[in-house]
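Next up, my_file-v9.cif (mmCIF, C-alpha atoms):
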```
data_target
#
loop_
_atom_site.label_atom_id
_atom_site.label_comp_id
_atom_site.auth_asym_id
_atom_site.auth_seq_id
_atom_site.Cartn_x
_atom_site.Cartn_y
_atom_site.Cartn_z
CA MET A 1 -8.89 26.65 -18.73
CA SER A 2 -9.68 29.79 -16.80
CA ASP A 3 -8.07 30.56 -13.45
CA ASP A 4 -11.27 32.07 -12.15
CA PRO A 5 -13.06 29.41 -10.07
CA TYR A 6 -16.43 31.05 -10.84
CA ALA A 7 -15.81 30.67 -14.58
CA VAL A 8 -14.61 27.07 -14.09
CA LEU A 9 -17.87 26.16 -12.39
CA GLY A 10 -19.88 28.29 -14.84
CA VAL A 11 -21.63 30.37 -12.18
CA ARG A 12 -22.00 34.09 -11.55
CA LYS A 13 -20.14 35.81 -8.74
CA SER A 14 -23.46 36.36 -7.03
CA ALA A 15 -24.45 32.67 -7.18
CA THR A 16 -25.87 31.11 -4.02
CA GLN A 17 -24.11 28.19 -2.33
CA ASP A 18 -26.87 25.96 -3.67
CA GLU A 19 -26.31 27.05 -7.26
CA ILE A 20 -22.59 26.43 -6.90
CA LYS A 21 -23.22 22.95 -5.53
CA LYS A 22 -25.68 22.11 -8.30
CA SER A 23 -23.35 23.30 -11.01
CA TYR A 24 -20.47 21.32 -9.50
CA ARG A 25 -22.53 18.13 -9.37
CA LYS A 26 -23.51 18.52 -13.00
CA LEU A 27 -19.90 19.00 -14.07
CA ALA A 28 -18.61 16.20 -11.83
CA LYS A 29 -21.03 13.71 -13.34
CA ARG A 30 -19.88 14.67 -16.81
CA LEU A 31 -16.15 14.86 -16.13
CA HIS A 32 -15.28 12.33 -13.43
CA PRO A 33 -11.96 10.69 -14.49
CA ASP A 34 -13.09 7.21 -13.53
CA LEU A 35 -15.87 7.46 -16.07
CA HIS A 36 -13.34 8.45 -18.75
CA PRO A 37 -10.26 6.40 -17.89
CA SER A 38 -8.41 7.07 -21.15
CA ASP A 39 -9.14 10.78 -21.45
CA SER A 40 -6.54 12.75 -19.53
CA GLY A 41 -8.10 16.03 -20.70
CA LYS A 42 -11.21 15.16 -18.72
CA GLN A 43 -9.09 14.44 -15.66
CA ALA A 44 -7.43 17.86 -15.85
CA GLU A 45 -10.83 19.52 -16.29
CA PHE A 46 -12.28 17.57 -13.39
CA GLN A 47 -9.38 18.54 -11.16
CA ALA A 48 -9.89 22.19 -12.00
CA VAL A 49 -13.59 21.82 -11.25
CA ALA A 50 -12.87 19.98 -7.99
CA ALA A 51 -10.36 22.64 -6.96
CA ALA A 52 -12.82 25.42 -7.79
CA TYR A 53 -15.54 23.71 -5.79
CA ASP A 54 -13.16 23.13 -2.92
CA LEU A 55 -12.81 26.89 -2.74
CA LEU A 56 -16.31 28.11 -3.51
CA GLY A 57 -18.23 25.22 -1.98
CA ASP A 58 -16.96 26.25 1.44
CA PRO A 59 -18.61 29.57 2.39
CA GLU A 60 -15.70 30.42 4.68
CA LYS A 61 -13.06 29.90 2.02
CA ARG A 62 -15.25 31.60 -0.59
CA LYS A 63 -15.47 34.70 1.58
CA ARG A 64 -11.70 34.80 1.97
CA PHE A 65 -11.23 34.29 -1.77
CA ASP A 66 -13.72 37.07 -2.58
CA ALA A 67 -11.89 39.31 -0.15
CA GLY A 68 -8.63 38.50 -1.91
CA GLU A 69 -7.09 36.83 1.13
CA ILE A 70 -6.31 33.62 -0.73
CA ASP A 71 -5.84 33.00 -4.43
CA ALA A 72 -7.56 30.41 -6.59
CA SER A 73 -4.85 27.83 -5.94
CA GLY A 74 -4.84 28.71 -2.24
CA GLN A 75 -4.85 25.12 -1.07
CA GLU A 76 -2.23 22.91 -2.62
CA ARG A 77 -3.24 19.29 -2.27
CA PRO A 78 -1.09 16.30 -3.09
CA GLU A 79 -2.17 15.06 -6.48
CA ARG A 80 -4.85 12.46 -6.08
CA GLN A 81 -4.30 9.03 -7.63
CA TYR A 82 -7.57 8.09 -9.25
CA TYR A 83 -9.00 4.63 -9.07
CA HIS A 84 -8.53 3.89 -12.76
CA HIS A 85 -4.80 4.42 -12.27
CA TYR A 86 -4.76 1.38 -9.94
CA ALA A 87 -7.55 -0.60 -11.58
CA GLY A 88 -5.64 -0.69 -14.87
CA GLN A 89 -2.74 -2.51 -13.19
CA ASP A 90 -2.68 -6.22 -12.49
CA ALA A 91 -3.67 -5.72 -8.85
CA GLY A 92 -6.97 -4.30 -10.10
CA ARG A 93 -8.07 -7.81 -11.03
CA ARG A 94 -9.28 -8.18 -7.46
CA TYR A 95 -12.43 -6.29 -8.43
CA ASP A 96 -13.03 -7.95 -11.79
CA PRO A 97 -16.67 -9.07 -12.02
CA SER A 98 -15.68 -12.36 -13.66
CA ALA A 99 -12.77 -13.17 -11.34
CA GLY A 100 -12.38 -16.84 -10.60
CA MET A 101 -13.16 -17.95 -14.12
CA GLY A 102 -10.40 -18.93 -16.48
CA ASP A 103 -8.82 -21.81 -18.38
CA PHE A 104 -9.90 -21.12 -21.93
CA GLU A 105 -9.90 -23.80 -24.58
CA ASP A 106 -9.97 -21.46 -27.55
CA ALA A 107 -10.35 -17.84 -28.51
CA SER A 108 -14.16 -17.84 -28.57
CA ASP A 109 -14.26 -18.91 -24.90
CA LEU A 110 -11.82 -16.14 -24.13
CA PHE A 111 -13.85 -13.47 -25.88
CA SER A 112 -17.18 -14.57 -24.50
CA GLU A 113 -15.60 -14.39 -21.05
CA ILE A 114 -14.08 -10.96 -21.61
CA PHE A 115 -17.22 -9.44 -23.03
CA GLY A 116 -19.67 -11.33 -20.88
CA ARG A 117 -21.67 -12.91 -23.70
CA HIS A 118 -21.80 -16.38 -22.21
CA GLN A 119 -24.72 -17.63 -20.15
CA ARG A 120 -23.64 -18.81 -16.78
CA GLY A 121 -25.63 -21.67 -15.33
CA GLY A 122 -27.67 -22.02 -18.52
CA GLY A 123 -30.03 -19.12 -17.93
CA GLY A 124 -30.77 -18.78 -21.63
CA ASP A 125 -32.86 -15.65 -21.96
CA PHE A 126 -31.00 -12.55 -21.05
CA GLY A 127 -32.30 -11.02 -17.88
CA ARG A 128 -34.50 -13.93 -16.89
CA GLU A 129 -32.16 -15.56 -14.46
CA PHE A 130 -28.97 -14.25 -13.07
CA HIS A 131 -26.12 -16.42 -11.88
CA ALA A 132 -22.76 -15.18 -10.80
CA HIS A 133 -19.65 -16.42 -9.11
CA GLY A 134 -19.24 -15.37 -5.51
CA SER A 135 -16.37 -13.01 -4.85
CA ASP A 136 -13.02 -14.16 -3.54
CA ILE A 137 -12.24 -13.14 0.02
CA ARG A 138 -8.64 -12.47 0.97
CA TYR A 139 -7.11 -13.25 4.35
CA GLN A 140 -3.78 -12.52 5.85
CA LEU A 141 -2.54 -14.86 8.55
CA ASP A 142 0.58 -14.53 10.71
CA VAL A 143 1.97 -17.86 11.83
CA ASP A 144 4.98 -18.80 13.91
CA PHE A 145 8.10 -20.18 12.34
CA MET A 146 7.60 -23.47 14.19
CA ASP A 147 4.06 -23.81 12.80
CA VAL A 148 5.23 -23.82 9.19
CA ALA A 149 8.31 -25.86 10.04
CA ARG A 150 6.16 -28.69 11.39
CA GLY A 151 2.80 -27.96 9.75
CA THR A 152 -0.27 -27.04 11.75
CA LYS A 153 -3.98 -26.37 11.68
CA ARG A 154 -5.35 -22.90 12.24
CA GLN A 155 -8.81 -21.50 12.68
CA ILE A 156 -9.71 -18.30 10.87
CA THR A 157 -12.87 -16.33 11.45
CA LEU A 158 -14.70 -15.00 8.42
CA PRO A 159 -16.13 -11.47 8.45
CA ASP A 160 -19.63 -12.99 8.65
CA GLY A 161 -18.73 -14.74 11.92
CA LYS A 162 -18.32 -18.28 10.56
CA SER A 163 -14.94 -19.84 11.05
CA ILE A 164 -13.05 -22.33 8.95
CA GLU A 165 -10.12 -24.53 9.79
CA ILE A 166 -7.20 -24.43 7.44
CA THR A 167 -4.33 -26.86 7.32
CA ILE A 168 -0.97 -25.21 6.92
CA PRO A 169 1.34 -27.76 5.36
CA ALA A 170 4.90 -28.11 6.64
CA GLY A 171 7.37 -26.16 4.53
CA LEU A 172 5.04 -23.40 3.39
CA LYS A 173 7.03 -20.32 2.37
CA ASP A 174 6.67 -16.82 3.74
CA GLY A 175 4.22 -14.84 1.60
CA GLN A 176 2.71 -17.91 -0.06
CA THR A 177 -1.04 -17.87 -0.75
CA MET A 178 -3.35 -20.83 -0.29
CA ARG A 179 -6.60 -21.03 -2.27
CA LEU A 180 -9.52 -22.68 -0.47
CA ARG A 181 -12.09 -23.44 -3.13
CA GLY A 182 -15.68 -22.46 -2.34
CA LYS A 183 -14.83 -20.80 1.00
CA GLY A 184 -15.29 -17.24 -0.26
CA GLY A 185 -18.41 -15.15 -0.80
CA PRO A 186 -21.63 -17.01 -1.74
CA GLY A 187 -22.60 -17.23 -5.40
CA ILE A 188 -25.68 -15.56 -6.84
CA GLY A 189 -28.37 -17.88 -8.22
CA GLN A 190 -26.71 -21.14 -9.19
CA GLY A 191 -23.30 -19.51 -9.31
CA GLN A 192 -20.51 -21.16 -7.38
CA ALA A 193 -19.16 -19.67 -4.18
CA GLY A 194 -15.93 -17.71 -4.48
CA ASP A 195 -12.63 -18.82 -2.97
CA ALA A 196 -10.82 -17.85 0.19
CA LEU A 197 -7.28 -16.70 -0.55
CA VAL A 198 -5.11 -16.99 2.55
CA THR A 199 -1.70 -15.33 2.44
CA ILE A 200 0.67 -16.64 5.10
CA THR A 201 3.22 -14.40 6.75
CA VAL A 202 5.82 -16.30 8.76
CA ARG A 203 7.14 -14.66 11.92
CA PRO A 204 10.90 -15.16 12.13
CA HIS A 205 12.35 -17.39 14.86
CA ALA A 206 14.96 -16.21 17.36
CA ILE A 207 17.28 -19.17 16.72
CA PHE A 208 16.26 -21.04 13.58
CA ALA A 209 16.40 -19.65 10.05
CA ARG A 210 15.25 -21.31 6.84
CA ASP A 211 16.91 -22.00 3.55
CA GLY A 212 14.32 -23.92 1.57
CA ASP A 213 13.68 -27.10 3.54
CA ASN A 214 16.98 -26.78 5.39
CA ILE A 215 17.28 -25.18 8.81
CA GLU A 216 20.24 -23.02 9.77
CA MET A 217 21.27 -22.19 13.32
CA GLU A 218 24.25 -21.07 15.33
CA LEU A 219 25.39 -23.08 18.35
CA PRO A 220 27.71 -21.60 21.01
CA ILE A 221 30.39 -23.97 22.41
CA THR A 222 33.12 -23.58 25.05
CA LEU A 223 36.83 -23.51 24.41
CA ASP A 224 37.39 -26.95 25.94
CA GLU A 225 34.60 -28.47 23.79
CA ALA A 226 36.27 -27.00 20.69
CA VAL A 227 39.77 -28.23 21.67
CA LEU A 228 38.96 -31.65 23.08
CA GLY A 229 35.80 -32.50 21.17
CA ALA A 230 32.51 -33.27 22.92
CA LYS A 231 29.03 -34.70 22.72
CA ILE A 232 26.52 -31.86 23.24
CA GLU A 233 22.83 -31.27 22.89
CA ALA A 234 21.56 -29.19 19.97
CA PRO A 235 17.96 -28.00 19.53
CA THR A 236 16.17 -28.91 16.31
CA ILE A 237 12.63 -28.14 15.15
CA SER A 238 11.63 -31.62 16.33
CA GLY A 239 13.33 -31.51 19.76
CA ALA A 240 16.87 -31.71 21.13
CA VAL A 241 19.34 -34.18 19.65
CA THR A 242 22.86 -35.19 20.72
CA MET A 243 25.61 -34.24 18.32
CA THR A 244 29.35 -34.83 18.29
CA ILE A 245 31.77 -31.94 18.09
CA PRO A 246 35.02 -33.27 16.58
CA LYS A 247 38.30 -32.60 18.34
CA GLY A 248 39.89 -29.28 17.27
CA THR A 249 36.84 -27.51 15.87
CA SER A 250 37.11 -23.82 14.88
CA SER A 251 34.46 -21.12 15.12
CA GLY A 252 32.37 -21.00 11.95
CA HIS A 253 32.65 -24.74 11.33
CA ARG A 254 29.38 -26.06 9.88
CA LEU A 255 27.98 -29.46 10.86
CA ARG A 256 25.09 -31.20 9.17
CA LEU A 257 22.31 -33.02 11.00
CA ARG A 258 20.87 -35.10 8.22
CA GLY A 259 17.06 -35.21 7.95
CA LYS A 260 16.53 -32.78 10.84
CA GLY A 261 15.20 -30.02 8.60
CA ILE A 262 11.66 -29.57 7.31
CA SER A 263 9.83 -32.68 6.21
CA THR A 264 7.08 -31.83 3.73
CA GLY A 265 6.02 -35.46 3.38
CA LYS A 266 7.16 -35.36 -0.25
CA GLY A 267 10.69 -36.49 -1.07
CA VAL A 268 13.57 -36.35 1.41
CA ALA A 269 13.40 -34.18 4.49
CA GLY A 270 15.72 -31.17 4.66
CA ASP A 271 18.80 -31.03 6.89
CA GLN A 272 19.74 -28.86 9.79
CA PHE A 273 23.03 -27.02 9.55
CA VAL A 274 24.71 -26.05 12.79
CA ARG A 275 27.33 -23.32 12.70
CA LEU A 276 29.60 -23.53 15.74
CA ARG A 277 30.82 -20.48 17.59
CA ILE A 278 33.40 -20.62 20.35
CA VAL A 279 32.30 -18.40 23.22
CA LEU A 280 34.57 -17.36 26.11
CA PRO A 281 33.20 -16.56 29.57
CA ASP A 282 32.56 -12.88 30.37
CA LYS A 283 35.29 -12.93 33.02
CA ILE A 284 38.56 -14.76 32.22
CA ASP A 285 39.82 -16.33 35.42
CA GLY A 286 43.43 -16.99 36.45
CA SER A 287 43.57 -20.62 35.36
CA MET A 288 42.43 -19.82 31.83
CA GLU A 289 44.94 -16.98 31.62
CA ASP A 290 47.76 -19.31 32.76
CA LEU A 291 46.67 -21.88 30.21
CA ALA A 292 46.73 -19.35 27.38
CA LYS A 293 50.12 -17.96 28.43
CA ARG A 294 51.70 -21.39 28.65
CA TRP A 295 50.28 -22.33 25.26
CA ARG A 296 51.46 -19.10 23.64
CA ASP A 297 55.02 -19.52 24.88
CA HIS A 298 55.67 -22.61 22.84
CA SER A 299 53.15 -22.37 19.96
CA THR A 300 54.17 -21.48 16.41
CA PHE A 301 50.62 -21.56 15.02
CA ASP A 302 49.71 -18.51 12.91
CA PRO A 303 46.03 -18.44 11.79
CA ARG A 304 46.69 -15.33 9.65
CA GLU A 305 49.49 -16.81 7.59
CA GLU A 306 47.31 -17.43 4.53
CA LEU A 307 45.74 -14.01 4.85
CA ARG A 308 49.14 -12.34 4.69
CA ARG A 309 50.20 -14.38 1.69
CA LYS A 310 47.16 -13.33 -0.28
CA THR A 311 47.29 -9.58 0.38
CA MET B 312 1.72 -1.37 2.66
CA THR B 313 -1.71 -1.81 4.22
CA PHE B 314 -3.82 0.30 6.57
CA ASP B 315 -6.46 -0.54 9.14
CA GLU B 316 -9.97 0.92 9.27
CA ARG B 317 -9.06 3.86 11.49
CA VAL B 318 -6.18 4.98 9.29
CA VAL B 319 -8.40 4.76 6.22
CA VAL B 320 -11.10 6.87 7.87
CA ALA B 321 -8.44 9.40 8.85
CA ARG B 322 -6.96 9.48 5.34
CA VAL B 323 -10.25 9.76 3.48
CA GLU B 324 -11.76 12.78 5.21
CA ARG B 325 -15.27 12.37 3.86
CA LEU B 326 -15.59 8.80 5.08
CA THR B 327 -17.13 7.54 8.32
CA LEU B 328 -16.29 4.21 9.94
CA ARG B 329 -19.94 3.15 9.62
CA GLU B 330 -19.92 3.71 5.86
CA LEU B 331 -16.63 1.89 5.44
CA ARG B 332 -17.96 -1.16 7.31
CA LEU B 333 -21.17 -1.11 5.30
CA TRP B 334 -19.24 -0.98 2.01
CA VAL B 335 -17.06 -3.89 3.07
CA ARG B 336 -20.15 -5.88 4.11
CA GLU B 337 -21.76 -5.15 0.73
CA GLY B 338 -18.59 -6.34 -1.00
CA TRP B 339 -17.99 -3.00 -2.73
CA VAL B 340 -14.61 -2.79 -1.06
CA ARG B 341 -12.72 -6.02 -0.45
CA PRO B 342 -9.89 -5.63 2.04
CA VAL B 343 -7.63 -8.45 3.15
CA HIS B 344 -8.79 -9.87 6.49
CA SER B 345 -6.26 -10.39 9.24
CA LEU B 346 -6.49 -11.11 12.95
CA ALA B 347 -6.15 -7.36 13.50
CA GLY B 348 -9.26 -6.79 11.35
CA PRO B 349 -9.62 -5.73 7.72
CA MET B 350 -6.54 -4.16 6.08
CA PHE B 351 -6.74 -1.85 3.04
CA ASP B 352 -4.10 -1.06 0.42
CA GLU B 353 -3.75 1.92 -1.95
CA LEU B 354 -6.00 0.27 -4.54
CA ASP B 355 -8.77 -0.11 -1.94
CA ILE B 356 -8.31 3.48 -0.77
CA ALA B 357 -8.56 4.82 -4.34
CA ARG B 358 -11.73 2.78 -4.73
CA ILE B 359 -13.12 4.17 -1.46
CA ARG B 360 -12.44 7.71 -2.75
CA LEU B 361 -14.29 6.86 -5.96
CA LEU B 362 -17.22 5.56 -3.89
CA CYS B 363 -17.22 8.82 -1.90
CA ASP B 364 -17.32 10.78 -5.17
CA LEU B 365 -20.20 8.73 -6.50
CA LYS B 366 -22.16 8.74 -3.27
CA LYS B 367 -21.49 12.23 -1.95
CA ASP B 368 -20.51 14.55 -4.80
CA MET B 369 -22.82 13.00 -7.36
CA SER B 370 -25.40 11.98 -4.75
CA LEU B 371 -25.96 8.58 -6.29
CA SER B 372 -28.50 6.51 -4.37
CA THR B 373 -27.44 3.40 -2.46
CA ASP B 374 -29.42 1.29 -4.94
CA ALA B 375 -27.72 2.78 -7.98
CA LEU B 376 -24.22 2.57 -6.54
CA PRO B 377 -23.60 -1.18 -7.05
CA VAL B 378 -24.91 -0.91 -10.62
CA VAL B 379 -22.47 1.88 -11.47
CA LEU B 380 -19.68 0.10 -9.62
CA THR B 381 -20.23 -3.14 -11.53
CA LEU B 382 -20.18 -1.25 -14.84
CA ILE B 383 -16.93 0.44 -13.86
CA ASP B 384 -15.45 -2.93 -12.84
CA HIS B 385 -16.51 -4.46 -16.16
CA LEU B 386 -14.96 -1.54 -18.00
CA HIS B 387 -11.63 -1.92 -16.21
CA GLU B 388 -11.60 -5.66 -16.69
CA ALA B 389 -12.32 -5.33 -20.41
CA ARG B 390 -9.63 -2.67 -20.80
CA ARG B 391 -7.06 -4.80 -18.99
CA GLU B 392 -7.96 -7.90 -20.99
CA LEU B 393 -7.70 -5.94 -24.23
CA ARG B 394 -4.27 -4.75 -23.17
CA TYR B 395 -3.15 -8.33 -22.45
CA LEU B 396 -4.54 -9.37 -25.81
CA SER B 397 -2.73 -6.63 -27.71
CA ASP B 398 0.46 -7.50 -25.76
CA ALA B 399 0.03 -11.13 -26.81
CA LEU B 400 -0.57 -10.03 -30.41
CA GLU B 401 2.50 -7.85 -30.25
CA GLU B 402 4.64 -10.96 -29.62
CA GLN B 403 3.38 -12.81 -32.71
CA PRO B 404 5.26 -12.94 -36.04
CA SER B 405 4.40 -10.00 -38.29
CA ASP B 406 2.36 -12.06 -40.82
CA ILE B 407 0.03 -13.33 -38.05
CA ARG B 408 -0.18 -9.83 -36.62
CA SER B 409 -1.20 -8.24 -39.90
CA ALA B 410 -3.66 -11.08 -40.67
CA VAL B 411 -5.40 -10.50 -37.30
CA ILE B 412 -5.49 -6.75 -37.86
CA ARG B 413 -6.87 -7.24 -41.41
CA THR B 414 -9.66 -9.50 -40.14
CA TYR B 415 -10.41 -7.07 -37.35
CA ARG B 416 -10.64 -4.10 -39.73
CA ALA B 417 -12.84 -6.08 -42.15
CA ARG B 418 -15.17 -6.96 -39.28
CA GLN B 419 -15.30 -3.34 -38.16
CA ASN B 420 -16.24 -2.14 -41.65
CA GLN B 421 -18.78 -4.91 -42.10
CA GLU B 422 -20.54 -4.06 -38.85
CA SER B 423 -20.73 -0.36 -39.60
CA GLY B 424 -21.86 -1.11 -43.19
CA GLU B 425 -24.76 -3.19 -41.91
CA GLY B 426 -25.72 -0.44 -39.51
CA SER B 427 -26.12 2.17 -42.26
CA ASP B 428 -28.14 -0.16 -44.49
CA ASP B 429 -30.94 -0.43 -41.94
#
```
Would you mind writing the file out in structure tokens?
Amino acid sequence: MSDDPYAVLGVRKSATQDEIKKSYRKLAKRLHPDLHPSDSGKQAEFQAVAAAYDLLGDPEKRKRFDAGEIDASGQERPERQYYHHYAGQDAGRRYDPSAGMGDFEDASDLFSEIFGRHQRGGGGDFGREFHAHGSDIRYQLDVDFMDVARGTKRQITLPDGKSIEITIPAGLKDGQTMRLRGKGGPGIGQGQAGDALVTITVRPHAIFARDGDNIEMELPITLDEAVLGAKIEAPTISGAVTMTIPKGTSSGHRLRLRGKGISTGKGVAGDQFVRLRIVLPDKIDGSMEDLAKRWRDHSTFDPREELRRKT
Amino acid sequence: MTFDERVVVARVERLTLRELRLWVREGWVRPVHSLAGPMFDELDIARIRLLCDLKKDMSLSTDALPVVLTLIDHLHEARRELRYLSDALEEQPSDIRSAVIRTYRARQNQESGEGSDD
């Protein structure tokens, strides 16, 4: 293809802006890549035409080009990703005209669906009646960790102003999508309404984390609670419970609170796992220092003994 | 990665907010709806650019636009389905594969033979 933008558009150097525009429109209609998704030659041609029009379609730029101030490729643009590039991928299904249909018994169902030969809603004569499925509408909803841990109801407002209540079941996972049948766009003729597809994003919690239906958390304890053992309060997703710290507990020790995890209503509820962490006060006072010194003077305990043996 | 209306209007120079909202209302572009308003991904943005091409560069009328768009959507759906089908065929044993291809070829020849007889 020629480098001369005038030749690319097929116009004379003396062409008016109107002639240039007309010629570009004619070429664009013929060459647009989304009308020829499998012909990469057409895409290259179209890009050349678009680039040429970019230059000559703008009287200011055209003047500078004619004066030799900028060359034909004067404006580098990042390469455009055409629609067919995306539409060919699985995500492109969103815009399929027959989306929402499916479940084929045999090959003839499949083909009639693909090539649109079936008659929806029984409108026998082609063109007499038209029925079509409503489109699916997608929603994205942020919910708090606690809401999915316990289950909740949420109201979402549709673009047309109506609102629907959706029930978020306990134990829903981050990124999961719920399909609400018939809550999408209205059908055409006797066609069914589309579905609402609600994707849930779970905001993380400051204290609780999830592992399936189990809850993980870290609980700070004092030195005396670790040494002597204690009964302390621990938060769970269903309120505070009392738990027993056994005598002589180390940092990192994991305790299980059975059934205090997420209860989905199906099967056994998950557990909560509490990881203990011994925390010392910001300022060590004299009595604690004395205690540590006295203990050190007669202790033979070496927590790093195993570590040394293995390295 | 998704973008709100304002980012989309900034990224697609030829687009106005009014047009974008109209296209969403018409169902030509289907963003995901969140509490922060509609959010668009790269697929939606590529589609918006295509709409701009059709509407502005090719000066298609507002009435013709949904017709062209539906045809394009049908084309992409058919192409994708054909790809799935040929992928599925690819996984079959070679005797089934060649039987399907033989039947397909026979049907092709038959159809074109009938056409020339008329």
* Output the contact residues of chain B with respect to chain A at a cut-off of 9 Å, based on only C-alpha atoms, as a PyMOL selection string. => chain B and resi 336+338-346+348-350+353-361+364-365+368-370+381+383-385+387-393
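If only C-alpha atoms are the atoms counted, then among A:Gly187, A:Pro59, A:Gly151, A:Gly182 the closest residue to Ile168 (chain A) is A:Gly151.
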With all atoms of region 384-395 of chain B from the file as input, state the centre and edge lengths in Å to one decimal of the axis-aligned box that has 4 Å extra on each side, as lines of an AutoDock Vina configuration file.
```
center_x = -9.8
center_y = -4.9
center_z = -18.5
size_x = 21.4
size_y = 14.8
size_z = 19.4
```
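With all atoms listed in the file as the atoms that count, the minimum distance from Phe351 (chain B) to the choices B:Val378, B:Cys363, B:Leu333, B:Val320 is reached by B:Val320.
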* **Between CA of Phe145 (chain A) and CA of Lys266 (chain A), distance in Å (one decimal)** => 19.7 Å
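In this model, the gap between CA of Lys231 (chain A) and CA of Val274 (chain A) comes to 13.9 Å.
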* Asked: Any idea what's packed within 8 Å of Gly175 (chain A), counting only C-alpha atoms, ignoring anything in its chain fewer than 5 positions away? Could you give it as a count of residues only?
  -> 4
Once the PyMOL selection byres ((chain A and resi 153) around 8) is applied to the coordinates I shared, what remains selected? I want it as a PDB file with C-alpha atoms, keeping the file's coordinate frame.
```pdb
ATOM      1  CA  GLY A 151       2.800 -27.960   9.750  1.00  0.00           C
ATOM      2  CA  THR A 152      -0.270 -27.040  11.750  1.00  0.00           C
ATOM      3  CA  ARG A 154      -5.350 -22.900  12.240  1.00  0.00           C
ATOM      4  CA  GLN A 155      -8.810 -21.500  12.680  1.00  0.00           C
ATOM      5  CA  GLU A 165     -10.120 -24.530   9.790  1.00  0.00           C
ATOM      6  CA  ILE A 166      -7.200 -24.430   7.440  1.00  0.00           C
ATOM      7  CA  THR A 167      -4.330 -26.860   7.320  1.00  0.00           C
ATOM      8  CA  ILE A 168      -0.970 -25.210   6.920  1.00  0.00           C
TER       9      ILE A 168
END
```
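Shortest separation to Pro281 (chain A) among A:Ile221, A:Ile188, A:Val227, A:Val11 occurs at residue A:Ile221, atoms counted being all atoms listed in the file.
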* Asked: Do you have the CA of Arg256 (chain A)-CA of Thr236 (chain A) distance handy?
  -> 11.7 Å
* Run the PyMOL selection byres ((chain A and resi 264) around 10) mentally over the shown coordinates, then write out the matched residues as number ranges by chain, using the chain letters and numbers from the document. => A: 148-151, 169-172, 213, 261-263, 265-270
Could you take the residues named above and write them with C-alpha atoms, as a short mmCIF file (atom, residue, chain, number, x, y, z; two decimals), in the coordinates of the input?
```cif
data_model
loop_
_atom_site.label_atom_id
_atom_site.label_comp_id
_atom_site.auth_asym_id
_atom_site.auth_seq_id
_atom_site.Cartn_x
_atom_site.Cartn_y
_atom_site.Cartn_z
CA VAL A 148 5.23 -23.82 9.19
CA ALA A 149 8.31 -25.86 10.04
CA ARG A 150 6.16 -28.69 11.39
CA GLY A 151 2.80 -27.96 9.75
CA PRO A 169 1.34 -27.76 5.36
CA ALA A 170 4.90 -28.11 6.64
CA GLY A 171 7.37 -26.16 4.53
CA LEU A 172 5.04 -23.40 3.39
CA ASP A 213 13.68 -27.10 3.54
CA GLY A 261 15.20 -30.02 8.60
CA ILE A 262 11.66 -29.57 7.31
CA SER A 263 9.83 -32.68 6.21
CA GLY A 265 6.02 -35.46 3.38
CA LYS A 266 7.16 -35.36 -0.25
CA GLY A 267 10.69 -36.49 -1.07
CA VAL A 268 13.57 -36.35 1.41
CA ALA A 269 13.40 -34.18 4.49
CA GLY A 270 15.72 -31.17 4.66
#
```
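Distances here use all atoms listed in the file; by that measure, the residue among A:Ile278, A:Ala51, A:Ala132, A:Ile207 closest to Gly194 (chain A) is A:Ala132.
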* **Hits of the PyMOL selection byres ((chain A and resi 276) around 6) in this structure, as a list in words** => Glu218, Leu219, Pro220, Ser251, Gly252, His253, Arg275 and Arg277 of chain A
Keeping only C-alpha atoms, write those residues as an mmCIF file, in the coordinates of the input.
```
data_model
loop_
_atom_site.group_PDB
_atom_site.id
_atom_site.type_symbol
_atom_site.label_atom_id
_atom_site.label_comp_id
_atom_site.auth_asym_id
_atom_site.auth_seq_id
_atom_site.Cartn_x
_atom_site.Cartn_y
_atom_site.Cartn_z
ATOM 1 C CA GLU A 218 24.250 -21.070 15.330
ATOM 2 C CA LEU A 219 25.390 -23.080 18.350
ATOM 3 C CA PRO A 220 27.710 -21.600 21.010
ATOM 4 C CA SER A 251 34.460 -21.120 15.120
ATOM 5 C CA GLY A 252 32.370 -21.000 11.950
ATOM 6 C CA HIS A 253 32.650 -24.740 11.330
ATOM 7 C CA ARG A 275 27.330 -23.320 12.700
ATOM 8 C CA ARG A 277 30.820 -20.480 17.590
#
```
* **Residue contacts of Glu233 (chain A) (8 Å, only C-alpha atoms) excluding same-chain residues fewer than 3 positions away, as a count of residues only** => 4
